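Asker: Structure incoming, see below.
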Amino acid sequence: MAIKSDINETGLPADIVRTLRAGIGKVSAEVVEEIRTRIPEYARPADEISVKVVKMAVEEAIDGFLDRIENPGASFDPEPFRMIGKGEAAEGRNLEPLQTAMRLGARVCWRRLTEIADPLGLTPQTLYDLGEAIFVCLDRLADAAAQGFDEARAHAAGELERRRNRLLDLLLSRPPAAPEAVADLARAAGWRLPRTVAGVALDDRHGTYRAPALPPGVLGGLERPAPCLLVPDPDGPGQAQLLDHALRGHRAAIGPAVPLAAAATSLRWAREALELSRRGVLPRGLLRCADHMATLVVFKDEELVGAMAQARLAPLAHLRPAQQDRLAETLLAWLRHGRGAGEVAARLHVHPQTVRYRLRQLEELYGDQLADPDVRFELEIVLRARQTLIAAGP
């Protein structure tokens with residue numbers, strides 16, 4: 001790319017360019033000193049690598065500028081300043097110090113040009129053209145540095161993301177990975193090892209998934225076939241609120257807090273809760289497994305619960321469906337809330353005499369079984385499951 005400096009096509013006379021080149025060392029030293037004095041990020045001892053880089057950059061900029069003044073059609077090579085921009089990213093700085101340094105260098109060069117304009121015989125128009133060329137060149141150098149900076153940041157972010165993805169794979173592996181391997185990869189990924197974690201399952205069943213804005217430290221597996229997250233120290237101060245805010249408007253299930261080695265287990269529970277939510281067994285929206293543990297346990301093996309229901313609800317099997325529903329509802333309330341007819345009636349919003357009648361029917365149907373604590377426990381399990389499935393609908 002040629003810089004359009006508006007200087008005549010033949011450029012400056014060769015002797016003037018030679019004179020300017022002869023002063024590069026002095027001007028460069030002045031620019032470097034002013035940069036080190038006025039910009040804290042570069043105010044390091046002279047033997048520091050960063051100061052050498054600044055000196056090289058200043059000399060490269062001035063020399064390249066003179067090349068293009070001497071030959072206006074010369075192409076612009078952005079690579080040196082792309083590399084400088086990458087170096088700034090590697091140092092952990094933003095572009096502001098570098099841009100400030102470049103503007104400062106341009107002012108110093110312009111000041112020196114105005115001081116030597118008369119001895120060199122530069123006309124006001126030529127001096128104006130040189131000033132414009134300086135700032136056109138400055139824009140090109142700044143653009144090249146910004147491009148290199150952005151490339152380095154994108155590469156670093158991509159590499160960090162890849163490391164975090166590998167860490168998530170390792171943490172969710174079964175059997176659990178060796179603690180030493182986890183610690184090494186966590187260090188490389190910049191992830192502080194927490195005491196506990198919670199897996200989060202996110203619903204993308206309809207392909208309309210919108211990525212949440214994640215709190216710091218959360219490992220994201222948002223591009224996976226079954227999107228998931230891993231939340232460090234989920235019971236820590238403010239973590240619940242941060243997660244609620246991030247997942248607002250999403251269908252998701254948060255697994256229980258577990259030790260790091262059990263991360264896969266927490267995510268498995270979260271996925272099971274999410275599936276129950278899809279079926280209507282659990283509510284929609286944001287679920288916390290800790291609030292639904294009994295339901296999760298009951299539905300962990302539905303075939304087993306179904307077999308137990310067939311056995312324990314057999315005394316009701318010959319009744320009409322409406323009778324079965326009334327007696328099942330009364331029996332569950334009796335098991336959950338005590339054996340007084342008045343308390344059960346209050347829970348069911350019916351007359352106590354109605355409850356007494358139903359309880360006598362249940363005693364006739366079940367006989368001595370209702371005196372057995374194990375039978376009562378199993379009855380409560382199957383009746384809770386039955387009630388949940390009825391509420392969920394077809």
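If you're wondering about the labels, chains in the structure tokens are A, B, ... by order shown, residues count from 1 in each chain, ligands from 1 in order shown.
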So which residues touch region 243-252 of chain A within 12 Å, counting only C-alpha atoms, skipping near sequence neighbours fewer than 2 positions away, as a PyMOL selection string?
Answerer: chain A and resi 198-206+208-218+226-241+254-255+267+269-278+282-289
Asker: Applying 8 Å and only C-alpha atoms, which residues near Leu383 (chain A) remain after dropping the ones on its own chain fewer than 4 positions away? List them as a PyMOL selection string.
Answerer: chain A and resi 309+328-329+332+379+387
Asker: Could you tell me which of A:Leu327, A:Val355, A:Leu104, A:Leu296 comes closest to Gly340 (chain A) if we count only C-alpha atoms?
Answerer: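 Answer, going by the shortest atom-to-atom distance: A:Val355.
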Asker: As a PyMOL selection string, list the residues of region 229-321 of chain A assigned to helix (DSSP H, G or I) by DSSP on the backbone atoms of this structure.
Answerer: chain A and resi 239-246+260-279+289-291+293-312+314-316+321
Asker: Set the distance at 10 Å and use only C-alpha atoms: which residues neighbour region 151-156 of chain A once local chain neighbours fewer than 6 positions away are removed? I'd like the list as a PyMOL selection string.
Answerer: chain A and resi 82-83+85-90+92+94+145+162
Asker: If you keep N, CA and C atoms, can you produce a file of those selected residues as a JSON list (two decimals), in the first residue's frame?
Answerer:
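Done, and the output landed in again_9.json:
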[["chain", "number", "residue", "atom", "x", "y", "z"],
["A", 82, "ARG", "N", 2.61, -4.98, 13.31],
["A", 82, "ARG", "CA", 1.71, -6.06, 13.73],
["A", 82, "ARG", "C", 2.36, -6.86, 14.86],
["A", 83, "MET", "N", 3.65, -7.12, 14.72],
["A", 83, "MET", "CA", 4.37, -7.87, 15.75],
["A", 83, "MET", "C", 4.46, -7.07, 17.05],
["A", 85, "GLY", "N", 2.23, -4.90, 18.05],
["A", 85, "GLY", "CA", 0.89, -5.01, 18.65],
["A", 85, "GLY", "C", 0.69, -6.34, 19.36],
["A", 86, "LYS", "N", 1.20, -7.42, 18.74],
["A", 86, "LYS", "CA", 1.11, -8.73, 19.39],
["A", 86, "LYS", "C", 1.90, -8.74, 20.69],
["A", 87, "GLY", "N", 3.06, -8.08, 20.67],
["A", 87, "GLY", "CA", 3.87, -8.03, 21.88],
["A", 87, "GLY", "C", 3.16, -7.29, 23.02],
["A", 88, "GLU", "N", 2.44, -6.22, 22.69],
["A", 88, "GLU", "CA", 1.69, -5.51, 23.71],
["A", 88, "GLU", "C", 0.62, -6.40, 24.33],
["A", 89, "ALA", "N", -0.04, -7.19, 23.49],
["A", 89, "ALA", "CA", -1.05, -8.13, 24.01],
["A", 89, "ALA", "C", -0.39, -9.16, 24.92],
["A", 90, "ALA", "N", 0.80, -9.64, 24.51],
["A", 90, "ALA", "CA", 1.49, -10.64, 25.32],
["A", 90, "ALA", "C", 1.92, -10.08, 26.66],
["A", 92, "GLY", "N", 0.19, -8.11, 28.35],
["A", 92, "GLY", "CA", -1.00, -7.90, 29.16],
["A", 92, "GLY", "C", -1.48, -6.46, 29.19],
["A", 94, "ASN", "N", -3.22, -2.95, 27.29],
["A", 94, "ASN", "CA", -4.11, -2.61, 26.19],
["A", 94, "ASN", "C", -3.35, -1.73, 25.21],
["A", 145, "ALA", "N", -0.59, -2.08, 14.23],
["A", 145, "ALA", "CA", -0.41, -2.53, 15.62],
["A", 145, "ALA", "C", -1.73, -3.05, 16.19],
["A", 162, "ARG", "N", -9.80, -23.30, 24.53],
["A", 162, "ARG", "CA", -9.50, -24.71, 24.24],
["A", 162, "ARG", "C", -9.03, -25.43, 25.50]]
Asker: What's around Val54 (chain A) at 12 Å? Count only C-alpha atoms, leave out sequence neighbours fewer than 3 positions away in its own chain, and write the answer as a ChimeraX atom specification.
Answerer: /A:28-36,39,41-44,46-51,57-61,80-81,84-85,87-88,97-98,101-102,105
Asker: Near Leu316 (chain A), within 9 Å and counting only C-alpha atoms, which residues show up once chain neighbours fewer than 2 positions away are dropped, as a PyMOL selection string?
Answerer: chain A and resi 312-314+318-320+323-324+327-328+362+365
Asker: Can you spit out the residues from that selection as an mmCIF file, in the first residue's frame, using N, CA and C atoms?
Answerer:
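Result went into again.cif, see below:
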data_model
loop_
_atom_site.group_PDB
_atom_site.id
_atom_site.type_symbol
_atom_site.label_atom_id
_atom_site.label_comp_id
_atom_site.auth_asym_id
_atom_site.auth_seq_id
_atom_site.Cartn_x
_atom_site.Cartn_y
_atom_site.Cartn_z
ATOM 1 N N ARG A 312 -48.291 -52.517 45.875
ATOM 2 C CA ARG A 312 -48.851 -51.817 47.028
ATOM 3 C C ARG A 312 -50.235 -51.226 46.764
ATOM 4 N N LEU A 313 -50.557 -50.952 45.525
ATOM 5 C CA LEU A 313 -51.875 -50.389 45.229
ATOM 6 C C LEU A 313 -52.848 -51.448 44.718
ATOM 7 N N ALA A 314 -52.448 -52.719 44.800
ATOM 8 C CA ALA A 314 -53.310 -53.821 44.347
ATOM 9 C C ALA A 314 -54.670 -53.827 45.050
ATOM 10 N N HIS A 318 -59.484 -53.027 41.929
ATOM 11 C CA HIS A 318 -60.810 -53.422 41.463
ATOM 12 C C HIS A 318 -61.811 -52.276 41.525
ATOM 13 N N LEU A 319 -61.414 -51.128 42.088
ATOM 14 C CA LEU A 319 -62.333 -49.999 42.228
ATOM 15 C C LEU A 319 -62.402 -49.180 40.943
ATOM 16 N N ARG A 320 -63.484 -48.401 40.830
ATOM 17 C CA ARG A 320 -63.582 -47.497 39.696
ATOM 18 C C ARG A 320 -62.476 -46.440 39.786
ATOM 19 N N GLN A 323 -63.000 -43.730 42.354
ATOM 20 C CA GLN A 323 -62.834 -44.215 43.726
ATOM 21 C C GLN A 323 -61.348 -44.396 44.066
ATOM 22 N N GLN A 324 -60.610 -44.949 43.106
ATOM 23 C CA GLN A 324 -59.177 -45.113 43.330
ATOM 24 C C GLN A 324 -58.526 -43.763 43.634
ATOM 25 N N LEU A 327 -59.517 -42.478 47.240
ATOM 26 C CA LEU A 327 -58.894 -43.224 48.331
ATOM 27 C C LEU A 327 -57.372 -43.038 48.331
ATOM 28 N N ALA A 328 -56.749 -42.969 47.139
ATOM 29 C CA ALA A 328 -55.303 -42.752 47.059
ATOM 30 C C ALA A 328 -54.950 -41.380 47.629
ATOM 31 N N LEU A 362 -60.266 -47.946 53.576
ATOM 32 C CA LEU A 362 -58.852 -48.302 53.416
ATOM 33 C C LEU A 362 -58.441 -49.388 54.413
ATOM 34 N N LEU A 365 -59.689 -52.587 53.071
ATOM 35 C CA LEU A 365 -58.952 -53.045 51.887
ATOM 36 C C LEU A 365 -57.532 -53.520 52.231
#
Asker: Determine the nearest neighbour of Gly64 (chain A) from the options A:Val108, A:Arg140, A:Tyr128, A:Arg164, counting only C-alpha atoms.
Answerer: A:Arg140
Asker: Find the residues around Gly190 (chain A) up to 9 Å (only C-alpha atoms counted), leave out those fewer than 4 positions away in its own chain, and share them as a ChimeraX atom specification.
Answerer: /A:160,163-164,185-186
Asker: Considering only C-alpha atoms, can you say which of A:Phe135, A:Glu70, A:Ile16, A:Leu219 comes closest to Val197 (chain A)?
Answerer: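 Result for the nearest residue to Val197 (chain A): A:Leu219.
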Asker: Return as a PDB file with N, CA, C and O atoms, in the first residue's frame the full set of residues in region 79-297 of chain A whose backbone-based DSSP assignment is strand (DSSP E).
Answerer:
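Contents of out-v2.pdb, freshly written:
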ATOM      1  N   THR A 196     -15.952 -27.279  45.827  1.00  0.00           N
ATOM      2  CA  THR A 196     -17.130 -27.988  45.314  1.00  0.00           C
ATOM      3  C   THR A 196     -17.520 -27.411  43.959  1.00  0.00           C
ATOM      4  O   THR A 196     -17.129 -26.289  43.603  1.00  0.00           O
ATOM      5  N   VAL A 197     -18.300 -28.181  43.213  1.00  0.00           N
ATOM      6  CA  VAL A 197     -18.820 -27.727  41.918  1.00  0.00           C
ATOM      7  C   VAL A 197     -20.261 -28.205  41.772  1.00  0.00           C
ATOM      8  O   VAL A 197     -20.711 -29.102  42.508  1.00  0.00           O
ATOM      9  N   ALA A 198     -20.951 -27.610  40.823  1.00  0.00           N
ATOM     10  CA  ALA A 198     -22.294 -28.070  40.463  1.00  0.00           C
ATOM     11  C   ALA A 198     -22.403 -28.089  38.948  1.00  0.00           C
ATOM     12  O   ALA A 198     -22.000 -27.132  38.278  1.00  0.00           O
ATOM     13  N   GLY A 199     -22.916 -29.184  38.404  1.00  0.00           N
ATOM     14  CA  GLY A 199     -23.170 -29.265  36.970  1.00  0.00           C
ATOM     15  C   GLY A 199     -24.493 -28.603  36.636  1.00  0.00           C
ATOM     16  O   GLY A 199     -25.440 -28.648  37.434  1.00  0.00           O
ATOM     17  N   VAL A 200     -24.557 -27.964  35.486  1.00  0.00           N
ATOM     18  CA  VAL A 200     -25.786 -27.316  35.022  1.00  0.00           C
ATOM     19  C   VAL A 200     -26.118 -27.857  33.639  1.00  0.00           C
ATOM     20  O   VAL A 200     -25.279 -27.819  32.729  1.00  0.00           O
ATOM     21  N   ALA A 201     -27.314 -28.374  33.484  1.00  0.00           N
ATOM     22  CA  ALA A 201     -27.793 -28.847  32.180  1.00  0.00           C
ATOM     23  C   ALA A 201     -28.709 -27.789  31.582  1.00  0.00           C
ATOM     24  O   ALA A 201     -29.589 -27.269  32.274  1.00  0.00           O
ATOM     25  N   LEU A 202     -28.498 -27.462  30.303  1.00  0.00           N
ATOM     26  CA  LEU A 202     -29.297 -26.444  29.625  1.00  0.00           C
ATOM     27  C   LEU A 202     -30.084 -27.086  28.497  1.00  0.00           C
ATOM     28  O   LEU A 202     -29.591 -27.982  27.817  1.00  0.00           O
ATOM     29  N   LEU A 219     -17.128 -22.839  33.893  1.00  0.00           N
ATOM     30  CA  LEU A 219     -16.667 -23.534  32.686  1.00  0.00           C
ATOM     31  C   LEU A 219     -17.877 -23.826  31.805  1.00  0.00           C
ATOM     32  O   LEU A 219     -18.851 -24.420  32.262  1.00  0.00           O
ATOM     33  N   GLY A 220     -17.799 -23.405  30.545  1.00  0.00           N
ATOM     34  CA  GLY A 220     -18.947 -23.555  29.668  1.00  0.00           C
ATOM     35  C   GLY A 220     -18.743 -24.615  28.601  1.00  0.00           C
ATOM     36  O   GLY A 220     -17.709 -24.651  27.947  1.00  0.00           O
ATOM     37  N   GLY A 221     -19.731 -25.468  28.456  1.00  0.00           N
ATOM     38  CA  GLY A 221     -19.762 -26.428  27.360  1.00  0.00           C
ATOM     39  C   GLY A 221     -20.977 -26.137  26.511  1.00  0.00           C
ATOM     40  O   GLY A 221     -21.836 -27.001  26.307  1.00  0.00           O
ATOM     41  N   CYS A 228     -23.937 -27.601  28.586  1.00  0.00           N
ATOM     42  CA  CYS A 228     -23.798 -27.730  30.031  1.00  0.00           C
ATOM     43  C   CYS A 228     -22.827 -26.686  30.544  1.00  0.00           C
ATOM     44  O   CYS A 228     -22.090 -26.055  29.787  1.00  0.00           O
ATOM     45  N   LEU A 229     -22.831 -26.515  31.867  1.00  0.00           N
ATOM     46  CA  LEU A 229     -21.899 -25.637  32.562  1.00  0.00           C
ATOM     47  C   LEU A 229     -21.364 -26.376  33.781  1.00  0.00           C
ATOM     48  O   LEU A 229     -21.985 -27.332  34.252  1.00  0.00           O
ATOM     49  N   LEU A 230     -20.232 -25.887  34.295  1.00  0.00           N
ATOM     50  CA  LEU A 230     -19.728 -26.378  35.562  1.00  0.00           C
ATOM     51  C   LEU A 230     -19.432 -25.152  36.420  1.00  0.00           C
ATOM     52  O   LEU A 230     -18.602 -24.312  36.058  1.00  0.00           O
ATOM     53  N   VAL A 231     -20.138 -25.051  37.540  1.00  0.00           N
ATOM     54  CA  VAL A 231     -20.076 -23.860  38.382  1.00  0.00           C
ATOM     55  C   VAL A 231     -19.198 -24.135  39.592  1.00  0.00           C
ATOM     56  O   VAL A 231     -19.460 -25.074  40.355  1.00  0.00           O
ATOM     57  N   PRO A 232     -18.146 -23.328  39.813  1.00  0.00           N
ATOM     58  CA  PRO A 232     -17.298 -23.535  40.988  1.00  0.00           C
ATOM     59  C   PRO A 232     -17.939 -22.958  42.246  1.00  0.00           C
ATOM     60  O   PRO A 232     -18.571 -21.902  42.204  1.00  0.00           O
ATOM     61  N   ALA A 252     -33.216 -24.671  32.490  1.00  0.00           N
ATOM     62  CA  ALA A 252     -31.963 -25.272  32.946  1.00  0.00           C
ATOM     63  C   ALA A 252     -32.184 -25.938  34.284  1.00  0.00           C
ATOM     64  O   ALA A 252     -33.146 -25.647  35.007  1.00  0.00           O
ATOM     65  N   ALA A 253     -31.288 -26.872  34.611  1.00  0.00           N
ATOM     66  CA  ALA A 253     -31.326 -27.549  35.903  1.00  0.00           C
ATOM     67  C   ALA A 253     -29.928 -27.499  36.509  1.00  0.00           C
ATOM     68  O   ALA A 253     -28.939 -27.794  35.828  1.00  0.00           O
ATOM     69  N   ILE A 254     -29.862 -27.109  37.777  1.00  0.00           N
ATOM     70  CA  ILE A 254     -28.591 -27.000  38.488  1.00  0.00           C
ATOM     71  C   ILE A 254     -28.454 -28.198  39.407  1.00  0.00           C
ATOM     72  O   ILE A 254     -29.294 -28.424  40.284  1.00  0.00           O
ATOM     73  N   VAL A 258     -21.181 -30.777  44.832  1.00  0.00           N
ATOM     74  CA  VAL A 258     -20.448 -32.009  45.116  1.00  0.00           C
ATOM     75  C   VAL A 258     -18.957 -31.708  45.109  1.00  0.00           C
ATOM     76  O   VAL A 258     -18.516 -30.688  44.577  1.00  0.00           O
ATOM     77  N   PRO A 259     -18.119 -32.603  45.672  1.00  0.00           N
ATOM     78  CA  PRO A 259     -16.670 -32.431  45.528  1.00  0.00           C
ATOM     79  C   PRO A 259     -16.271 -32.442  44.060  1.00  0.00           C
ATOM     80  O   PRO A 259     -16.979 -33.001  43.208  1.00  0.00           O
ATOM     81  N   LEU A 286     -35.906 -22.471  35.666  1.00  0.00           N
ATOM     82  CA  LEU A 286     -34.635 -22.793  36.314  1.00  0.00           C
ATOM     83  C   LEU A 286     -34.895 -23.681  37.521  1.00  0.00           C
ATOM     84  O   LEU A 286     -35.578 -23.286  38.463  1.00  0.00           O
ATOM     85  N   LEU A 287     -34.349 -24.886  37.476  1.00  0.00           N
ATOM     86  CA  LEU A 287     -34.546 -25.870  38.546  1.00  0.00           C
ATOM     87  C   LEU A 287     -33.271 -26.029  39.365  1.00  0.00           C
ATOM     88  O   LEU A 287     -32.172 -25.988  38.814  1.00  0.00           O
ATOM     89  N   ARG A 288     -33.421 -26.260  40.641  1.00  0.00           N
ATOM     90  CA  ARG A 288     -32.298 -26.651  41.502  1.00  0.00           C
ATOM     91  C   ARG A 288     -32.593 -28.054  42.028  1.00  0.00           C
ATOM     92  O   ARG A 288     -33.613 -28.266  42.694  1.00  0.00           O
TER      93      ARG A 288
END
Asker: Got a sec: who's within 12 Å of Arg112 (chain A), counting only C-alpha atoms, leaving out chain neighbours fewer than 3 positions off, as an mmCIF file with N, CA and C atoms, in the first residue's frame?
Answerer:
data_model
loop_
_atom_site.group_PDB
_atom_site.id
_atom_site.type_symbol
_atom_site.label_atom_id
_atom_site.label_comp_id
_atom_site.auth_asym_id
_atom_site.auth_seq_id
_atom_site.Cartn_x
_atom_site.Cartn_y
_atom_site.Cartn_z
ATOM 1 N N LEU A 20 18.183 14.091 6.711
ATOM 2 C CA LEU A 20 17.195 13.607 7.687
ATOM 3 C C LEU A 20 17.576 12.233 8.221
ATOM 4 N N GLY A 23 20.113 12.136 10.980
ATOM 5 C CA GLY A 23 19.668 12.526 12.324
ATOM 6 C C GLY A 23 18.747 11.523 12.988
ATOM 7 N N ILE A 24 18.547 10.352 12.349
ATOM 8 C CA ILE A 24 17.616 9.364 12.900
ATOM 9 C C ILE A 24 18.009 8.962 14.315
ATOM 10 N N LYS A 26 19.703 10.457 16.683
ATOM 11 C CA LYS A 26 19.458 11.478 17.707
ATOM 12 C C LYS A 26 17.972 11.649 17.982
ATOM 13 N N VAL A 27 17.191 11.723 16.896
ATOM 14 C CA VAL A 27 15.742 11.892 17.073
ATOM 15 C C VAL A 27 15.136 10.667 17.756
ATOM 16 N N SER A 28 15.594 9.483 17.356
ATOM 17 C CA SER A 28 15.081 8.250 17.973
ATOM 18 C C SER A 28 15.349 8.237 19.466
ATOM 19 N N GLU A 30 15.755 10.759 21.406
ATOM 20 C CA GLU A 30 14.905 11.754 22.053
ATOM 21 C C GLU A 30 13.472 11.232 22.208
ATOM 22 N N VAL A 31 12.971 10.571 21.165
ATOM 23 C CA VAL A 31 11.618 10.012 21.229
ATOM 24 C C VAL A 31 11.536 8.947 22.316
ATOM 25 N N GLY A 105 5.707 10.253 19.721
ATOM 26 C CA GLY A 105 6.815 10.191 18.768
ATOM 27 C C GLY A 105 6.567 11.070 17.555
ATOM 28 N N ALA A 106 5.327 11.072 17.057
ATOM 29 C CA ALA A 106 4.996 11.910 15.902
ATOM 30 C C ALA A 106 5.170 13.389 16.231
ATOM 31 N N ARG A 107 4.787 13.793 17.445
ATOM 32 C CA ARG A 107 4.936 15.206 17.826
ATOM 33 C C ARG A 107 6.404 15.606 17.909
ATOM 34 N N VAL A 108 7.226 14.705 18.482
ATOM 35 C CA VAL A 108 8.659 14.995 18.583
ATOM 36 C C VAL A 108 9.266 15.148 17.191
ATOM 37 N N CYS A 109 8.916 14.219 16.284
ATOM 38 C CA CYS A 109 9.451 14.294 14.916
ATOM 39 C C CYS A 109 9.007 15.582 14.218
ATOM 40 N N GLU A 115 12.134 22.716 13.370
ATOM 41 C CA GLU A 115 13.363 23.388 13.803
ATOM 42 C C GLU A 115 14.425 23.438 12.710
ATOM 43 N N ILE A 116 14.421 22.431 11.851
ATOM 44 C CA ILE A 116 15.461 22.381 10.809
ATOM 45 C C ILE A 116 14.926 22.787 9.445
ATOM 46 N N ALA A 117 13.693 23.259 9.398
ATOM 47 C CA ALA A 117 13.083 23.605 8.103
ATOM 48 C C ALA A 117 13.876 24.684 7.371
ATOM 49 N N ASP A 118 14.253 25.758 8.073
ATOM 50 C CA ASP A 118 14.981 26.859 7.423
ATOM 51 C C ASP A 118 16.349 26.422 6.936
ATOM 52 N N PRO A 119 17.174 25.743 7.800
ATOM 53 C CA PRO A 119 18.491 25.321 7.297
ATOM 54 C C PRO A 119 18.405 24.399 6.084
ATOM 55 N N LEU A 120 17.351 23.584 6.022
ATOM 56 C CA LEU A 120 17.211 22.665 4.895
ATOM 57 C C LEU A 120 16.555 23.319 3.687
ATOM 58 N N LEU A 127 6.776 21.715 4.152
ATOM 59 C CA LEU A 127 6.691 21.393 5.578
ATOM 60 C C LEU A 127 5.290 20.910 5.941
ATOM 61 N N LEU A 130 4.908 17.406 4.649
ATOM 62 C CA LEU A 130 5.615 16.463 5.519
ATOM 63 C C LEU A 130 4.819 16.185 6.795
ATOM 64 N N GLY A 131 4.235 17.235 7.366
ATOM 65 C CA GLY A 131 3.429 17.047 8.579
ATOM 66 C C GLY A 131 2.240 16.144 8.324
#
Asker: By how many Å are CA of Arg103 (chain A) and CA of Glu91 (chain A) apart?
Answerer: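 Separation between CA of Arg103 (chain A) and CA of Glu91 (chain A): 20.3 Å.
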